Structure formats: C-alpha cells, structure tokens
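Engineer: Pasting a structure here, questions to come.
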Amino acid sequence: DAEITQSPRHKITETGRQVTLACHQTWNHNNMFWYRQDLGHGLRLIHYSYGVHDTNKGEVSDGYSVSRSNTEDLPLTLESAASSQTSVYFCASSRTTGEFSTDTQYFGPGTRLTVL
Amino acid sequence: SQQGEEDPQALSIQEGENATMNCSYKTSINNLQWYRQNSGRGLVHLILIRSNEREKHSGRLRVTLDTSKKSSSLLITASRAADTASYFCATPSNTGKLIFGQGTTLQVKP
C-alpha cells in the first residue's frame, strides 16, 4: 500500500546544530508539504513543493529550507536549530492542488523535535 | 490570515451523545474538507463537501455547508470513546494551498 513516512519520529538536538527531517511518499504525488504544529497555532505551512526541483515558502519559512530532487522525497532542513523551532513537524502530500482541487492531503505520522 | 476557524476549541461529551463542531471561513471556496487527528498521529481526511452541496453524510458523520454564512459544521452522531481526537476544517486558498483551522479537541467520555 502507498504511504508517507517520516524519520526520525523523535529528535533531540542542540541550539545551532543543523537538522534534517526526512519525508518519503510512495503515492507518486506531485505535491508535498511541510507543516509545524504548536499549541495555540494549529498547523502552519513551512515549505511546499509542486514537483521536482520546485520549492516554495510557506507562512513560517524562516530558518528552514527544502529541496526536491525526486518525486518521493522532500527533506526539511533546519540550518541552525533554535529553541523556537521545538515543535511537531508533519509532512503531507497530495496529487493535485489549486483553488478547485478536491484532492485530500495525506499526512505522515510526524516528527517531534526538541531543540535544547 | 486564518482561513478556517473552528468553534468550540474544546468539547467534552459522554459516549452516545452527539458532537457538533463549527468552522467559519473568510473567502469564497470551492470545497471544504474535515480532518481528524488522533493524539500523536498525523491528520486523516474525513470528508469533503463541495460549494454546491449543502449537506453530506459519511457513516456517523454529517457535514453541512452554508456558503452564505461562510460556515460549515461537522456532526458526529452517537459518539464513541474512539472519536476522541482533534478535528480540523481546511479550505483551498486562491494560491492552491490548503489552509487549516486551529481545530476542535473532542473528548468522549466512556
């Protein structure tokens, strides 16, 4: 069965370190998204990609970067981790997107990141 | 800006009772989706309602959409302890991204 996976599931790191969170989907979806979820803020979009070599900034992109070298993977990198980036991170994918899209997003299980 | 806003933020009911959650949004939409998130898990799609639909059912779920009021409601009938989760509405933005509300946390007591 197709799926979307994230690794690691839990990560503790120190301030200033570079951290990369992996996201892998076997749906063959064009679109992939990274969100962070914090109490009181719901889900906030960090970066997204509509296809290979395409990346776009979301509403909270500062301090994060992504690259899309193939359809299946969209790794999220924290260049220099900060305590404010302690959060739960979710990756999602969808087949199509757009104002008239009725496609749903499929979510990974999440990565809980703690920055000390 | 927040497209979807859920109400209430938290809801606690007894097993067997009905649970109603509301979502308001700001701009015209083509469709609205509801997702569920169990504790420690990712979001799972529940149901989608299109702008030309007023009501949609899926099992114990009933979703309504009032485009004149820019609001939607999710009704879970005969709730079970397993329905304990957070519920989010989501709408597509004019740039194509899906915008999620902050969610309603539902607790169903056995």
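Residues in the structure tokens are named by chain (A, B, ... in the order shown) and by number from 1 within that chain; ligands are numbered from 1 in the order shown.
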Pull out every residue of chain B sitting within 8 Å of chain A, counting only C-alpha atoms, and send them as JSON, numbers by chain.
Structural biologist: {"B": [29, 30, 31, 33, 40, 41, 42, 43, 44, 45, 48, 92, 93, 94, 95, 96, 97, 100, 101, 102, 103]}
Engineer: May I have the residues from that selection written out with all heavy atoms, as a compact mmCIF listing (two decimals), in the first residue's frame?
Structural biologist:
```txt
# COMPACT_ATOMS: atom_id res chain seq x y z
N ILE B 29 -15.02 29.74 -1.42
CA ILE B 29 -14.31 28.47 -1.56
C ILE B 29 -14.99 27.58 -2.57
O ILE B 29 -16.17 27.74 -2.87
CB ILE B 29 -14.22 27.72 -0.21
CG1 ILE B 29 -15.63 27.46 0.34
CG2 ILE B 29 -13.37 28.50 0.78
CD1 ILE B 29 -15.66 26.54 1.53
N ASN B 30 -14.22 26.65 -3.09
CA ASN B 30 -14.75 25.64 -3.98
C ASN B 30 -15.16 24.39 -3.22
O ASN B 30 -16.08 23.68 -3.62
CB ASN B 30 -13.70 25.29 -5.04
CG ASN B 30 -14.15 24.17 -5.95
OD1 ASN B 30 -13.78 23.01 -5.76
ND2 ASN B 30 -14.98 24.50 -6.93
N ASN B 31 -14.46 24.15 -2.11
CA ASN B 31 -14.80 22.99 -1.29
C ASN B 31 -14.23 23.19 0.10
O ASN B 31 -13.41 24.08 0.34
CB ASN B 31 -14.27 21.69 -1.91
CG ASN B 31 -12.76 21.63 -1.93
OD1 ASN B 31 -12.13 21.34 -0.92
ND2 ASN B 31 -12.17 21.93 -3.09
N GLN B 33 -12.89 20.76 3.54
CA GLN B 33 -12.58 19.40 4.00
C GLN B 33 -12.49 19.36 5.52
O GLN B 33 -12.15 20.36 6.15
CB GLN B 33 -11.23 18.95 3.40
CG GLN B 33 -11.20 19.00 1.88
CD GLN B 33 -9.86 18.56 1.32
OE1 GLN B 33 -9.17 17.72 1.91
NE2 GLN B 33 -9.50 19.12 0.17
N GLY B 40 -0.88 12.22 18.88
CA GLY B 40 0.40 11.69 18.46
C GLY B 40 0.45 11.19 17.04
O GLY B 40 1.43 10.56 16.63
N ARG B 41 -0.58 11.49 16.26
CA ARG B 41 -0.64 10.99 14.88
C ARG B 41 -0.79 12.14 13.90
O ARG B 41 -1.02 13.29 14.28
CB ARG B 41 -1.85 10.05 14.72
CG ARG B 41 -1.87 8.87 15.67
CD ARG B 41 -0.84 7.83 15.28
NE ARG B 41 -0.97 6.60 16.05
CZ ARG B 41 -1.70 5.57 15.67
NH1 ARG B 41 -2.39 5.61 14.54
NH2 ARG B 41 -1.73 4.49 16.40
N GLY B 42 -0.66 11.81 12.63
CA GLY B 42 -0.91 12.80 11.59
C GLY B 42 -2.40 12.94 11.32
O GLY B 42 -3.22 12.19 11.83
N LEU B 43 -2.74 13.95 10.53
CA LEU B 43 -4.15 14.19 10.20
C LEU B 43 -4.64 13.17 9.19
O LEU B 43 -3.89 12.73 8.31
CB LEU B 43 -4.34 15.59 9.64
CG LEU B 43 -4.44 16.73 10.64
CD1 LEU B 43 -3.13 16.99 11.33
CD2 LEU B 43 -4.95 18.00 9.95
N VAL B 44 -5.90 12.82 9.32
CA VAL B 44 -6.53 11.88 8.40
C VAL B 44 -7.77 12.53 7.83
O VAL B 44 -8.60 13.08 8.57
CB VAL B 44 -6.90 10.56 9.12
CG1 VAL B 44 -7.67 9.64 8.19
CG2 VAL B 44 -5.65 9.86 9.64
N HIS B 45 -7.91 12.45 6.52
CA HIS B 45 -9.05 13.05 5.85
C HIS B 45 -10.34 12.32 6.21
O HIS B 45 -10.39 11.08 6.22
CB HIS B 45 -8.83 13.00 4.34
CG HIS B 45 -9.97 13.57 3.56
ND1 HIS B 45 -10.91 12.78 2.93
CD2 HIS B 45 -10.33 14.85 3.32
CE1 HIS B 45 -11.78 13.55 2.32
NE2 HIS B 45 -11.46 14.80 2.54
N LEU B 48 -15.15 15.55 2.40
CA LEU B 48 -15.05 16.78 1.63
C LEU B 48 -16.45 17.16 1.18
O LEU B 48 -17.22 16.31 0.73
CB LEU B 48 -14.15 16.57 0.42
CG LEU B 48 -13.94 17.73 -0.56
CD1 LEU B 48 -12.56 17.66 -1.17
CD2 LEU B 48 -15.00 17.76 -1.66
N PRO B 92 -9.15 25.29 0.45
CA PRO B 92 -8.09 25.65 -0.50
C PRO B 92 -8.02 27.16 -0.65
O PRO B 92 -9.04 27.84 -0.81
CB PRO B 92 -8.53 24.97 -1.80
CG PRO B 92 -10.00 24.82 -1.67
CD PRO B 92 -10.32 24.72 -0.22
N SER B 93 -6.80 27.69 -0.61
CA SER B 93 -6.63 29.12 -0.80
C SER B 93 -6.62 29.43 -2.30
O SER B 93 -6.57 28.54 -3.13
CB SER B 93 -5.32 29.57 -0.17
OG SER B 93 -4.22 29.07 -0.93
N ASN B 94 -6.63 30.71 -2.63
CA ASN B 94 -6.62 31.08 -4.04
C ASN B 94 -5.28 30.81 -4.71
O ASN B 94 -5.14 30.87 -5.91
CB ASN B 94 -7.02 32.55 -4.23
CG ASN B 94 -6.14 33.49 -3.44
OD1 ASN B 94 -5.16 33.07 -2.82
ND2 ASN B 94 -6.48 34.75 -3.43
N THR B 95 -4.26 30.51 -3.90
CA THR B 95 -2.97 30.12 -4.46
C THR B 95 -2.81 28.61 -4.47
O THR B 95 -1.75 28.10 -4.83
CB THR B 95 -1.81 30.74 -3.67
OG1 THR B 95 -1.95 30.38 -2.29
CG2 THR B 95 -1.82 32.25 -3.81
N GLY B 96 -3.85 27.91 -4.05
CA GLY B 96 -3.83 26.47 -4.17
C GLY B 96 -3.46 25.71 -2.91
O GLY B 96 -3.63 24.50 -2.85
N LYS B 97 -2.96 26.39 -1.92
CA LYS B 97 -2.58 25.67 -0.70
C LYS B 97 -3.82 25.39 0.14
O LYS B 97 -4.83 26.07 0.05
CB LYS B 97 -1.58 26.50 0.10
CG LYS B 97 -0.30 26.79 -0.66
CD LYS B 97 0.70 27.52 0.20
CE LYS B 97 0.22 28.89 0.61
NZ LYS B 97 0.14 29.79 -0.57
N PHE B 100 -5.57 25.26 7.07
CA PHE B 100 -6.20 24.56 8.17
C PHE B 100 -6.58 25.52 9.29
O PHE B 100 -5.87 26.48 9.57
CB PHE B 100 -5.26 23.49 8.74
CG PHE B 100 -5.05 22.32 7.82
CD1 PHE B 100 -4.07 22.37 6.84
CD2 PHE B 100 -5.83 21.19 7.93
CE1 PHE B 100 -3.87 21.30 5.98
CE2 PHE B 100 -5.63 20.11 7.09
CZ PHE B 100 -4.66 20.17 6.11
N GLY B 101 -7.70 25.24 9.93
CA GLY B 101 -8.08 25.95 11.13
C GLY B 101 -7.29 25.42 12.31
O GLY B 101 -6.46 24.51 12.17
N GLN B 102 -7.53 25.97 13.47
CA GLN B 102 -6.78 25.58 14.66
C GLN B 102 -7.33 24.34 15.33
O GLN B 102 -6.70 23.79 16.22
CB GLN B 102 -6.71 26.74 15.65
CG GLN B 102 -5.90 27.91 15.12
CD GLN B 102 -5.53 28.89 16.20
OE1 GLN B 102 -5.62 28.60 17.38
NE2 GLN B 102 -5.10 30.08 15.80
N GLY B 103 -8.51 23.91 14.93
CA GLY B 103 -9.01 22.63 15.41
C GLY B 103 -9.91 22.70 16.62
O GLY B 103 -9.86 23.64 17.41
```
Engineer: Do a neighbour search on stretch 60-71 of chain A at 12 Å with only C-alpha atoms, toss out local chain neighbours closer than 4 positions, and write the hits as a PyMOL selection string.
Structural biologist: chain A and resi 16-37+41+43-56+75-85+89+91+93-95
Engineer: Write out as a PDB file with N, CA and C atoms, in the first residue's frame which residues come within 10 Å of B:Leu11 when counting only C-alpha atoms, dropping same-chain ones fewer than 4 positions away.
Structural biologist:
```
ATOM      1  N   ASP B   7     -14.927  26.150  16.073  1.00  0.00           N
ATOM      2  CA  ASP B   7     -15.598  26.512  17.309  1.00  0.00           C
ATOM      3  C   ASP B   7     -16.443  25.318  17.752  1.00  0.00           C
ATOM      4  N   ALA B  19     -21.863  15.140  18.860  1.00  0.00           N
ATOM      5  CA  ALA B  19     -20.866  16.208  18.955  1.00  0.00           C
ATOM      6  C   ALA B  19     -20.967  17.078  17.711  1.00  0.00           C
ATOM      7  N   THR B  20     -21.039  18.379  17.924  1.00  0.00           N
ATOM      8  CA  THR B  20     -21.117  19.309  16.792  1.00  0.00           C
ATOM      9  C   THR B  20     -19.965  20.298  16.866  1.00  0.00           C
ATOM     10  N   MET B  21     -19.246  20.409  15.761  1.00  0.00           N
ATOM     11  CA  MET B  21     -18.151  21.366  15.646  1.00  0.00           C
ATOM     12  C   MET B  21     -18.424  22.279  14.475  1.00  0.00           C
ATOM     13  N   THR B  84     -12.578  10.356  20.241  1.00  0.00           N
ATOM     14  CA  THR B  84     -11.734  11.335  20.923  1.00  0.00           C
ATOM     15  C   THR B  84     -10.548  11.679  20.037  1.00  0.00           C
ATOM     16  N   SER B  86      -8.709  15.477  17.732  1.00  0.00           N
ATOM     17  CA  SER B  86      -8.879  16.861  17.300  1.00  0.00           C
ATOM     18  C   SER B  86      -9.396  16.852  15.882  1.00  0.00           C
ATOM     19  N   THR B 104     -10.749  21.695  16.744  1.00  0.00           N
ATOM     20  CA  THR B 104     -11.573  21.458  17.927  1.00  0.00           C
ATOM     21  C   THR B 104     -11.127  20.157  18.555  1.00  0.00           C
ATOM     22  N   THR B 105     -10.825  20.206  19.840  1.00  0.00           N
ATOM     23  CA  THR B 105     -10.423  18.988  20.557  1.00  0.00           C
ATOM     24  C   THR B 105     -11.657  18.370  21.187  1.00  0.00           C
ATOM     25  N   LEU B 106     -11.975  17.169  20.773  1.00  0.00           N
ATOM     26  CA  LEU B 106     -13.155  16.464  21.264  1.00  0.00           C
ATOM     27  C   LEU B 106     -12.726  15.349  22.217  1.00  0.00           C
ATOM     28  N   GLN B 107     -13.349  15.347  23.392  1.00  0.00           N
ATOM     29  CA  GLN B 107     -13.141  14.248  24.334  1.00  0.00           C
ATOM     30  C   GLN B 107     -14.476  13.555  24.541  1.00  0.00           C
ATOM     31  N   VAL B 108     -14.497  12.261  24.299  1.00  0.00           N
ATOM     32  CA  VAL B 108     -15.709  11.477  24.518  1.00  0.00           C
ATOM     33  C   VAL B 108     -15.449  10.564  25.702  1.00  0.00           C
TER      34      VAL B 108
END
```
Engineer: Apply DSSP to the structure's backbone, then extract all residues of chain A labelled strand (DSSP E) and return them as an MDAnalysis selection string.
Structural biologist: chainID A and resid 4:7 10:13 19:25 31:38 42:51 54:57 64:66 76:78 87:94 106:107 111:115
Engineer: Using only C-alpha atoms, determine which residues lie at most 6 Å from A:Val115, disregarding the query and same-chain residues fewer than 2 positions distant; provide the list as an MDAnalysis selection string.
Structural biologist: chainID A and resid 12:15 83 86
Engineer: Please compute the atom CA of B:Gln14-atom CA of B:Ile76 distance, one decimal, in Å.
Structural biologist: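 That distance, rounded to one decimal, is 12.4 Å.
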Engineer: One decimal, Å: what's the distance from atom CA of A:Leu116 over to atom CA of A:Ser87, could you say?
Structural biologist: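 Computed distance, atom CA of A:Leu116 to atom CA of A:Ser87, equals 11.9 Å.
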Engineer: Find the distance between atom CA of B:Cys23 and atom CA of B:Phe88 and write it in Å to one decimal.
Structural biologist: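 These atoms are spaced 8.4 Å apart.
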